[in-house]
file structure.txt (compact mmCIF, C-alpha atoms)
# COMPACT_ATOMS: atom_id res chain seq x y z
CA MET A 1 -1.80 29.09 17.47
CA SER A 2 -2.28 31.42 14.50
CA LEU A 3 1.45 32.28 14.63
CA LEU A 4 2.31 28.58 14.70
CA SER A 5 0.07 27.94 11.70
CA ASP A 6 1.64 30.87 9.87
CA LEU A 7 5.12 29.51 10.48
CA ILE A 8 4.17 25.97 9.42
CA ASN A 9 2.75 27.36 6.18
CA LEU A 10 5.67 29.66 5.36
CA ASN A 11 6.41 29.81 1.64
CA LEU A 12 10.15 29.14 1.57
CA SER A 13 10.47 30.16 -2.08
CA GLU A 14 9.92 33.79 -1.07
CA SER A 15 13.26 33.86 0.80
CA THR A 16 15.44 30.94 -0.33
CA GLU A 17 16.07 28.45 -3.12
CA LYS A 18 16.63 25.71 -0.55
CA ILE A 19 14.07 22.94 -0.15
CA ILE A 20 13.21 20.31 2.45
CA ALA A 21 13.36 16.64 1.51
CA GLU A 22 11.60 14.14 3.79
CA TYR A 23 13.37 10.78 3.48
CA ILE A 24 10.94 7.89 4.12
CA TRP A 25 11.74 4.23 4.71
CA VAL A 26 10.27 1.04 6.16
CA GLY A 27 11.59 0.00 9.58
CA GLY A 28 12.55 -3.38 10.95
CA SER A 29 9.05 -4.71 11.58
CA GLY A 30 8.23 -4.39 7.89
CA LEU A 31 5.20 -2.25 8.80
CA ASP A 32 6.62 0.75 10.66
CA ILE A 33 7.19 3.80 8.50
CA ARG A 34 10.08 6.05 9.52
CA SER A 35 11.17 9.43 8.17
CA LYS A 36 13.50 12.36 8.73
CA ALA A 37 14.13 15.59 6.85
CA ARG A 38 17.14 17.35 5.39
CA THR A 39 17.80 20.63 3.61
CA LEU A 40 18.89 20.58 -0.03
CA PRO A 41 20.32 23.54 -1.99
CA GLY A 42 17.55 23.56 -4.58
CA PRO A 43 14.70 21.64 -6.24
CA VAL A 44 15.34 18.03 -7.30
CA SER A 45 13.14 15.88 -9.57
CA ASP A 46 15.42 12.88 -10.20
CA PRO A 47 16.01 10.52 -7.25
CA ALA A 48 19.41 9.59 -8.73
CA LYS A 49 20.54 13.17 -8.04
CA LEU A 50 19.62 13.02 -4.36
CA PRO A 51 22.33 12.27 -1.79
CA LYS A 52 22.34 9.02 0.11
CA TRP A 53 21.88 9.41 3.86
CA ASN A 54 22.32 7.36 7.00
CA TYR A 55 20.45 6.66 10.22
CA ASP A 56 20.72 4.67 13.46
CA GLY A 57 19.51 1.20 12.51
CA SER A 58 19.75 -0.02 16.10
CA SER A 59 16.76 2.19 16.90
CA THR A 60 14.63 0.66 14.14
CA ASN A 61 15.53 -3.01 14.74
CA GLN A 62 17.63 -3.08 11.58
CA ALA A 63 21.19 -3.12 12.94
CA PRO A 64 23.08 -3.92 16.16
CA GLY A 65 24.19 -1.08 18.43
CA GLU A 66 27.89 -1.74 17.87
CA ASP A 67 27.47 -1.39 14.07
CA SER A 68 24.33 0.67 13.75
CA GLU A 69 24.79 2.72 10.59
CA VAL A 70 22.26 2.02 7.82
CA ILE A 71 22.30 3.82 4.47
CA LEU A 72 19.24 5.28 2.74
CA TYR A 73 19.15 5.06 -1.07
CA PRO A 74 16.60 7.48 -2.61
CA GLN A 75 14.34 5.66 -5.10
CA ALA A 76 11.21 7.74 -5.81
CA ILE A 77 10.15 11.36 -5.38
CA PHE A 78 6.69 12.78 -4.61
CA ARG A 79 5.57 16.34 -3.96
CA ASP A 80 5.21 17.13 -0.25
CA PRO A 81 1.56 18.00 0.51
CA PHE A 82 2.44 19.16 4.03
CA ARG A 83 5.25 21.64 3.26
CA ARG A 84 4.18 22.20 -0.36
CA GLY A 85 6.18 24.42 -2.69
CA SER A 86 9.22 22.61 -4.12
CA ASN A 87 9.60 20.43 -1.04
CA ILE A 88 9.55 16.68 -1.60
CA LEU A 89 8.86 13.27 -0.10
CA VAL A 90 11.52 10.69 -0.92
CA ILE A 91 10.85 6.95 -0.81
CA CYS A 92 14.07 5.15 0.10
CA ASP A 93 15.28 1.60 0.58
CA VAL A 94 17.96 0.52 3.03
CA TYR A 95 21.47 -0.91 2.75
CA THR A 96 24.56 -1.64 4.83
CA PRO A 97 27.52 0.74 4.42
CA ALA A 98 29.04 -1.94 2.16
CA GLY A 99 26.06 -1.66 -0.18
CA GLU A 100 24.29 -4.90 0.76
CA PRO A 101 20.48 -4.69 0.99
CA LEU A 102 19.14 -5.24 4.51
CA PRO A 103 16.92 -8.33 5.05
CA SER A 104 13.97 -5.96 5.50
CA ASN A 105 14.64 -4.32 2.12
CA ASN A 106 11.86 -5.95 0.10
CA ARG A 107 12.08 -3.27 -2.58
CA TYR A 108 15.50 -4.53 -3.69
CA ASN A 109 14.24 -8.03 -4.51
CA ALA A 110 11.10 -6.67 -6.16
CA ALA A 111 13.14 -4.38 -8.39
CA LYS A 112 15.25 -7.36 -9.52
CA ILE A 113 12.10 -9.23 -10.58
CA PHE A 114 10.60 -6.23 -12.37
CA SER A 115 13.86 -5.59 -14.22
CA GLN A 116 13.83 -9.10 -15.75
CA PRO A 117 13.38 -8.62 -19.53
CA GLU A 118 10.51 -11.12 -19.67
CA VAL A 119 8.63 -9.21 -16.93
CA ALA A 120 9.41 -5.76 -18.30
CA ALA A 121 8.13 -6.79 -21.74
CA GLU A 122 4.75 -7.67 -20.21
CA VAL A 123 4.37 -4.17 -18.62
CA PRO A 124 2.58 -5.46 -15.49
CA TRP A 125 -0.17 -3.16 -14.24
CA TYR A 126 -1.37 -3.15 -10.65
CA GLY A 127 -4.37 -1.61 -8.97
CA ILE A 128 -4.21 -2.02 -5.20
CA GLU A 129 -7.25 -1.55 -2.96
CA GLN A 130 -5.81 -0.53 0.41
CA GLU A 131 -8.29 -0.97 3.26
CA TYR A 132 -7.67 0.49 6.72
CA THR A 133 -9.45 1.29 9.99
CA LEU A 134 -9.36 4.56 11.92
CA LEU A 135 -9.00 4.22 15.68
CA GLN A 136 -9.46 6.52 18.67
CA LYS A 137 -5.94 7.28 19.84
CA ASP A 138 -6.09 6.45 23.53
CA ILE A 139 -8.46 3.47 23.61
CA ASN A 140 -7.66 1.55 20.39
CA TRP A 141 -11.31 1.47 19.36
CA PRO A 142 -12.82 2.57 16.03
CA LEU A 143 -13.75 6.21 15.51
CA GLY A 144 -17.46 6.83 15.96
CA TRP A 145 -18.07 3.58 17.83
CA PRO A 146 -19.48 3.88 21.36
CA VAL A 147 -16.73 3.32 23.91
CA GLY A 148 -16.92 -0.31 25.00
CA GLY A 149 -19.85 -0.90 22.70
CA PHE A 150 -20.78 -1.52 19.07
CA PRO A 151 -22.70 0.26 16.32
CA GLY A 152 -25.58 -1.40 14.48
CA PRO A 153 -24.91 -4.46 12.30
CA GLN A 154 -23.16 -4.19 8.95
CA GLY A 155 -25.31 -3.20 6.02
CA PRO A 156 -25.74 0.58 5.83
CA TYR A 157 -22.05 1.53 6.03
CA TYR A 158 -20.57 0.43 2.70
CA CYS A 159 -20.34 3.63 0.60
CA GLY A 160 -22.73 5.13 3.16
CA ILE A 161 -23.22 8.78 3.97
CA GLY A 162 -24.40 10.57 7.09
CA ALA A 163 -23.01 11.10 10.58
CA ASP A 164 -24.43 7.78 11.77
CA LYS A 165 -22.81 5.79 8.94
CA ALA A 166 -19.53 7.47 7.93
CA TYR A 167 -16.91 8.15 10.57
CA GLY A 168 -13.69 10.05 9.81
CA ARG A 169 -14.53 11.30 6.33
CA ASP A 170 -12.52 14.50 6.88
CA ILE A 171 -9.37 12.38 7.28
CA VAL A 172 -10.26 10.30 4.21
CA ASP A 173 -10.87 13.32 1.96
CA ALA A 174 -7.76 15.11 3.23
CA HIS A 175 -5.75 12.01 2.37
CA TYR A 176 -7.33 11.72 -1.08
CA LYS A 177 -6.44 15.29 -2.03
CA ALA A 178 -2.98 15.08 -0.47
CA CYS A 179 -2.18 11.98 -2.53
CA LEU A 180 -3.31 13.68 -5.73
CA TYR A 181 -1.18 16.69 -4.86
CA ALA A 182 1.81 14.42 -4.19
CA GLY A 183 1.56 12.84 -7.63
CA ILE A 184 0.41 9.45 -6.39
CA ASN A 185 -1.87 7.72 -8.89
CA ILE A 186 -4.72 7.39 -6.39
CA SER A 187 -7.81 6.41 -8.33
CA GLY A 188 -10.58 6.53 -5.73
CA ILE A 189 -11.85 6.08 -2.18
CA ASN A 190 -14.91 4.56 -0.53
CA GLY A 191 -16.35 3.64 2.83
CA GLU A 192 -16.16 -0.09 3.53
CA VAL A 193 -18.56 -2.71 4.95
CA MET A 194 -17.46 -2.36 8.57
CA PRO A 195 -18.22 1.09 9.98
CA ASP A 196 -15.09 3.26 10.23
CA GLN A 197 -13.24 1.08 7.74
CA TRP A 198 -12.19 2.87 4.55
CA GLU A 199 -10.41 2.07 1.32
CA PHE A 200 -8.30 3.95 -1.17
CA GLN A 201 -7.19 2.60 -4.53
CA VAL A 202 -3.83 3.20 -6.20
CA GLY A 203 -3.28 2.42 -9.85
CA PRO A 204 -3.01 1.39 -12.51
CA SER A 205 0.70 1.57 -11.71
CA VAL A 206 3.45 -0.23 -13.57
CA GLY A 207 5.87 -2.58 -11.84
CA ILE A 208 7.88 -1.25 -8.89
CA SER A 209 6.01 2.07 -8.89
CA ALA A 210 2.95 0.35 -7.39
CA GLY A 211 4.89 -0.41 -4.21
CA ASP A 212 6.45 3.07 -4.08
CA GLU A 213 3.04 4.70 -4.39
CA ILE A 214 1.35 2.54 -1.74
CA TRP A 215 4.12 3.23 0.79
CA ALA A 216 3.97 6.96 0.01
CA ALA A 217 0.18 6.93 0.40
CA ARG A 218 0.45 5.06 3.71
CA TYR A 219 2.99 7.63 4.94
CA ILE A 220 0.69 10.51 4.04
CA LEU A 221 -2.25 8.78 5.74
CA GLU A 222 -0.30 8.26 8.96
CA ARG A 223 0.83 11.90 8.95
CA ILE A 224 -2.76 13.11 8.51
CA THR A 225 -4.06 10.89 11.32
CA GLU A 226 -1.21 12.21 13.48
CA VAL A 227 -2.52 15.75 12.95
CA ALA A 228 -6.12 14.64 13.51
CA GLY A 229 -5.29 12.84 16.76
CA ALA A 230 -6.39 9.46 15.43
CA VAL A 231 -4.55 6.21 14.68
CA VAL A 232 -4.65 4.25 11.42
CA SER A 233 -4.68 0.45 11.68
CA PHE A 234 -3.75 -1.92 8.87
CA ASP A 235 -4.64 -4.96 10.95
CA PRO A 236 -6.48 -7.47 8.72
CA LYS A 237 -9.10 -8.18 11.41
CA PRO A 238 -9.12 -5.26 13.85
CA ILE A 239 -12.45 -6.19 15.46
CA PRO A 240 -13.23 -9.88 16.13
CA GLY A 241 -16.68 -11.24 15.44
CA ASP A 242 -19.26 -10.54 12.75
CA TRP A 243 -17.33 -7.68 11.15
CA ASN A 244 -15.49 -7.59 7.83
CA GLY A 245 -11.71 -7.70 7.90
CA ALA A 246 -9.36 -5.42 5.98
CA GLY A 247 -7.53 -6.50 2.86
CA ALA A 248 -5.41 -5.14 0.05
CA HIS A 249 -7.03 -6.70 -3.02
CA THR A 250 -4.51 -6.58 -5.83
CA ASN A 251 -5.77 -6.15 -9.38
CA TYR A 252 -3.30 -7.30 -12.01
CA SER A 253 -2.81 -7.56 -15.73
CA THR A 254 -0.03 -8.02 -18.23
CA LYS A 255 0.27 -6.82 -21.82
CA SER A 256 -0.72 -10.30 -23.02
CA MET A 257 -3.82 -10.29 -20.80
CA ARG A 258 -4.92 -6.88 -22.06
CA GLU A 259 -4.72 -7.92 -25.73
CA ASP A 260 -7.11 -10.08 -27.75
CA GLY A 261 -7.05 -13.64 -26.48
CA GLY A 262 -5.96 -12.43 -23.06
CA TYR A 263 -8.63 -14.38 -21.18
CA GLU A 264 -6.78 -17.63 -21.86
CA VAL A 265 -3.58 -16.03 -20.53
CA ILE A 266 -5.50 -14.94 -17.42
CA LYS A 267 -6.77 -18.45 -16.78
CA LYS A 268 -3.27 -19.92 -17.11
CA ALA A 269 -1.92 -17.28 -14.71
CA ILE A 270 -4.63 -18.07 -12.16
CA GLU A 271 -3.82 -21.78 -12.45
CA LYS A 272 -0.19 -20.97 -11.59
CA LEU A 273 -1.29 -18.92 -8.57
CA GLY A 274 -3.32 -21.88 -7.36
CA LEU A 275 -0.30 -24.17 -7.58
CA LYS A 276 1.66 -21.77 -5.37
CA HIS A 277 -1.19 -20.90 -3.02
CA LYS A 278 0.66 -21.73 0.20
CA GLU A 279 3.73 -19.72 -0.75
CA HIS A 280 1.62 -16.67 -1.61
CA ILE A 281 -0.46 -16.90 1.57
CA ALA A 282 2.74 -17.02 3.63
CA ALA A 283 3.88 -13.75 2.02
CA TYR A 284 0.54 -11.91 1.90
CA GLY A 285 0.56 -10.32 5.36
CA THR A 286 0.53 -11.22 9.05
CA GLY A 287 -2.64 -12.22 10.87
CA ASN A 288 -4.38 -13.03 7.60
CA GLU A 289 -5.74 -16.29 9.05
CA ARG A 290 -8.09 -14.17 11.19
CA ARG A 291 -9.50 -12.59 8.03
CA LEU A 292 -9.53 -15.38 5.42
CA THR A 293 -12.19 -17.56 7.05
CA GLY A 294 -14.55 -18.18 4.15
CA LYS A 295 -16.91 -15.56 5.60
CA HIS A 296 -17.25 -11.80 5.16
CA GLU A 297 -16.41 -11.82 1.43
CA THR A 298 -13.29 -14.00 1.76
CA ALA A 299 -12.16 -17.45 0.71
CA ASP A 300 -10.88 -19.91 3.29
CA ILE A 301 -7.14 -19.47 3.78
CA HIS A 302 -6.42 -23.18 3.18
CA THR A 303 -8.28 -23.50 -0.12
CA PHE A 304 -7.58 -21.81 -3.46
CA SER A 305 -10.55 -20.91 -5.66
CA TRP A 306 -11.42 -18.53 -8.44
CA GLY A 307 -14.58 -17.40 -10.16
CA VAL A 308 -16.22 -14.72 -12.24
CA ALA A 309 -17.72 -11.93 -10.11
CA ASN A 310 -17.26 -14.11 -7.01
CA ARG A 311 -16.13 -12.08 -3.99
CA GLY A 312 -15.94 -15.25 -1.93
CA ALA A 313 -13.14 -16.63 -4.10
CA SER A 314 -9.37 -16.31 -3.72
CA VAL A 315 -9.18 -14.73 -7.17
CA ARG A 316 -12.02 -12.87 -8.88
CA VAL A 317 -12.40 -12.21 -12.59
CA GLY A 318 -14.75 -9.39 -13.58
CA ARG A 319 -17.78 -9.88 -15.80
CA GLU A 320 -16.40 -7.33 -18.26
CA THR A 321 -13.13 -9.26 -18.60
CA GLU A 322 -15.06 -12.48 -19.29
CA LYS A 323 -17.26 -10.69 -21.84
CA ASP A 324 -14.38 -8.93 -23.63
CA GLY A 325 -12.12 -11.97 -23.59
CA LYS A 326 -9.27 -9.87 -22.13
CA GLY A 327 -8.53 -7.60 -19.19
CA TYR A 328 -7.38 -8.24 -15.63
CA PHE A 329 -8.07 -10.24 -12.49
CA GLU A 330 -8.16 -9.50 -8.76
CA ASP A 331 -6.15 -11.42 -6.16
CA ARG A 332 -8.32 -11.02 -3.05
CA ARG A 333 -5.98 -12.81 -0.64
CA PRO A 334 -3.48 -10.07 0.41
CA ALA A 335 -4.05 -8.63 3.88
CA SER A 336 -4.23 -4.90 4.51
CA ASN A 337 -0.79 -5.02 6.17
CA MET A 338 0.92 -6.72 3.23
CA ASP A 339 4.14 -5.33 1.77
CA PRO A 340 3.22 -4.14 -1.75
CA TYR A 341 6.77 -4.79 -2.99
CA VAL A 342 6.44 -8.45 -1.97
CA VAL A 343 2.92 -8.99 -3.29
CA THR A 344 3.31 -7.27 -6.67
CA SER A 345 6.67 -8.87 -7.49
CA MET A 346 5.54 -12.31 -6.31
CA ILE A 347 2.48 -12.20 -8.58
CA ALA A 348 4.69 -11.23 -11.52
CA GLU A 349 7.27 -13.89 -10.72
CA THR A 350 4.67 -16.66 -10.43
CA THR A 351 2.60 -15.71 -13.47
CA ILE A 352 5.38 -14.66 -15.85
CA LEU A 353 8.71 -16.20 -14.83
CA TRP A 354 7.73 -19.47 -13.14
CA LYS A 355 7.56 -22.48 -15.43
CA PRO A 356 5.74 -25.30 -13.57
call {"tool": "encode", "arguments": {"input": "structure.txt", "output": "C-alpha cells"}}
result
Amino acid sequence: MSLLSDLINLNLSESTEKIIAEYIWVGGSGLDIRSKARTLPGPVSDPAKLPKWNYDGSSTNQAPGEDSEVILYPQAIFRDPFRRGSNILVICDVYTPAGEPLPSNNRYNAAKIFSQPEVAAEVPWYGIEQEYTLLQKDINWPLGWPVGGFPGPQGPYYCGIGADKAYGRDIVDAHYKACLYAGINISGINGEVMPDQWEFQVGPSVGISAGDEIWAARYILERITEVAGAVVSFDPKPIPGDWNGAGAHTNYSTKSMREDGGYEVIKKAIEKLGLKHKEHIAAYGTGNERRLTGKHETADIHTFSWGVANRGASVRVGRETEKDGKGYFEDRRPASNMDPYVVTSMIAETTILWKP
C-alpha cells in the first residue's frame, strides 16, 4: 500500500510540464455529479483556454443511444486538492454538438439572468449553507448511529464535540481544508442538530460563482467520502420522525440592500418572494415537503412567512440587519438537494427583474 500511496502522490512537476484536468459536470438526474480526466500540455488558469470535450450522454440519461454525444464547455477552474501541483478541477456545463444547452443545463439559464445589466449592477451576493448527512456505505444509515437503532434525542449534537456527539469529523475537516486549497470561498463548517448531519457554508460569492463553488464543493465532498468508505446524502429528510431535515439556506443581498436605506429594499424583495412562493418552492429541491412541515426550525411548505431572527419562518432577517437598516436576508426554504444555479438565479430574477 505504501507504493500505491507513493504513486498517487507523485509530484508530476518533477518530470513533466503536463497537468491533469478533471472535468466535472451534473448528470441527467440533476443531482448526480460525473467527472473524467484528461492530460493537458501545461498549466491553465483561464477556462476559456481549455478545450471542449465530449462524453456518452446515453450513459448519464442526457442523450439517446443513437445520438449520444454531449459536449462539455469548461466554465470555472479550481485547484485539485487530490492531485495537487498544477492539476485542476474544471466545472463544466453541457451542450448538444450543435451548441444548444441540454435541458439539464441549469447553469446556462442562470448565467443569462446574472448577465442582465440590471442584475449585474446590483452585484448579488450569496452565502449558501449546505447541509448534508454522512451514511454508512452498505446499510444506508447514519455514521455513528447504532445499526437498526437510534442515538439519544436531539439537543447535544448541534456544534457538539466528543465521540458520542460528533460523528465523521475527520471527513468534515478534510473537506474544509480541501475546499480552501481548491480556492472555493468556503467560510465555515459546523455540526448540525441531528447527529451525523453537518453543514458547510460557501460565500459571500457573486452571481454565477456561487453555483460553481457549491458544485465544486459537493464534488470534493463526494470524493472524500469515497476514500473514507462512507456515503454523503443530500436528502432533505434522510431520517423520518423527530429529527431535523437538511436544507441549503441561502443568504442574499444586493448592492442596494447593503447601502443605507437597504432595509426597505429588503422588505420589498421579501414581499416579491412571497408573491411567488409556489414557484420558488417548486424549484427549491425534491422531497422538500418532507422537511418543510412547520416543525424542526422550518416553515410550513404551503405558507409564506418572514420575521426577524425567526428560524421558523420562510425568510429570516437578522437582528443586525434590522438594527443597521441594511444588510441581507436568509431564504430558509431551499432543500439540501437544490440546484444552486436555479436557486440563486431565481432569487435574483424575482427580486431584481420581476415587476409585479
call {"tool": "closest_residue", "arguments": {"input": "structure.txt", "among": "A:Ile20, A:Leu89, A:Ala98, A:Val123", "to": "Arg258 in chain A", "atoms": "only C-alpha atoms"}}
result
A:Val123
call {"tool": "atom_distance", "arguments": {"input": "structure.txt", "atom1": "CA of Arg79 in chain A", "atom2": "CA of Glu22 in chain A"}}
result
10.1 Å
call {"tool": "residues_around", "arguments": {"input": "structure.txt", "residues": "range 45-53 of chain A", "least_positions_apart": "2", "cutoff": "10 Å", "atoms": "only C-alpha atoms", "output": "list in words"}}
result
Ala21, Tyr23, Arg38, Leu40, Pro43, Tyr55, Glu69, Val70, Ile71, Leu72, Tyr73, Pro74, Gln75, Ala76, Ile77, Phe78, Arg79, Ser86, Ile88, Val90, Ile91, Cys92 and Val94 of chain A
call {"tool": "residues_around", "arguments": {"input": "structure.txt", "residues": "range 226-238 of chain A", "least_positions_apart": "5", "cutoff": "7 Å", "atoms": "only C-alpha atoms", "output": "list in words"}}
result
Tyr132, Thr133, Leu134, Leu135, Gln136, Lys137, Gly245, Ala246, Gly247, Gly287, Asn288, Arg290, Arg291, Ala335, Ser336 and Asn337 of chain A
call {"tool": "closest_residue", "arguments": {"input": "structure.txt", "among": "A:Leu10, A:Val343, A:Ile186, A:Ala121", "to": "Phe82 in chain A", "atoms": "all atoms listed in the file"}}
result
A:Leu10
call {"tool": "atom_distance", "arguments": {"input": "structure.txt", "atom1": "CA of Glu222 in chain A", "atom2": "CA of Pro153 in chain A"}}
result
27.9 Å
call {"tool": "closest_residue", "arguments": {"input": "structure.txt", "among": "A:Ser104, A:Thr298, A:Ser115, A:Gln197", "to": "Pro142 in chain A", "atoms": "only C-alpha atoms"}}
result
A:Gln197
call {"tool": "closest_residue", "arguments": {"input": "structure.txt", "among": "A:Ile161, A:Ile24, A:Val44, A:Ile352", "to": "Val265 in chain A", "atoms": "all atoms listed in the file"}}
result
A:Ile352
call {"tool": "residues_around", "arguments": {"input": "structure.txt", "residues": "Ala111 in chain A", "least_positions_apart": "2", "cutoff": "12 Å", "atoms": "all atoms listed in the file", "output": "PyMOL selection string"}}
result
chain A and resi 75+93+101+105-109+113-117+119-120+206-212+340-342+344-346+348-349
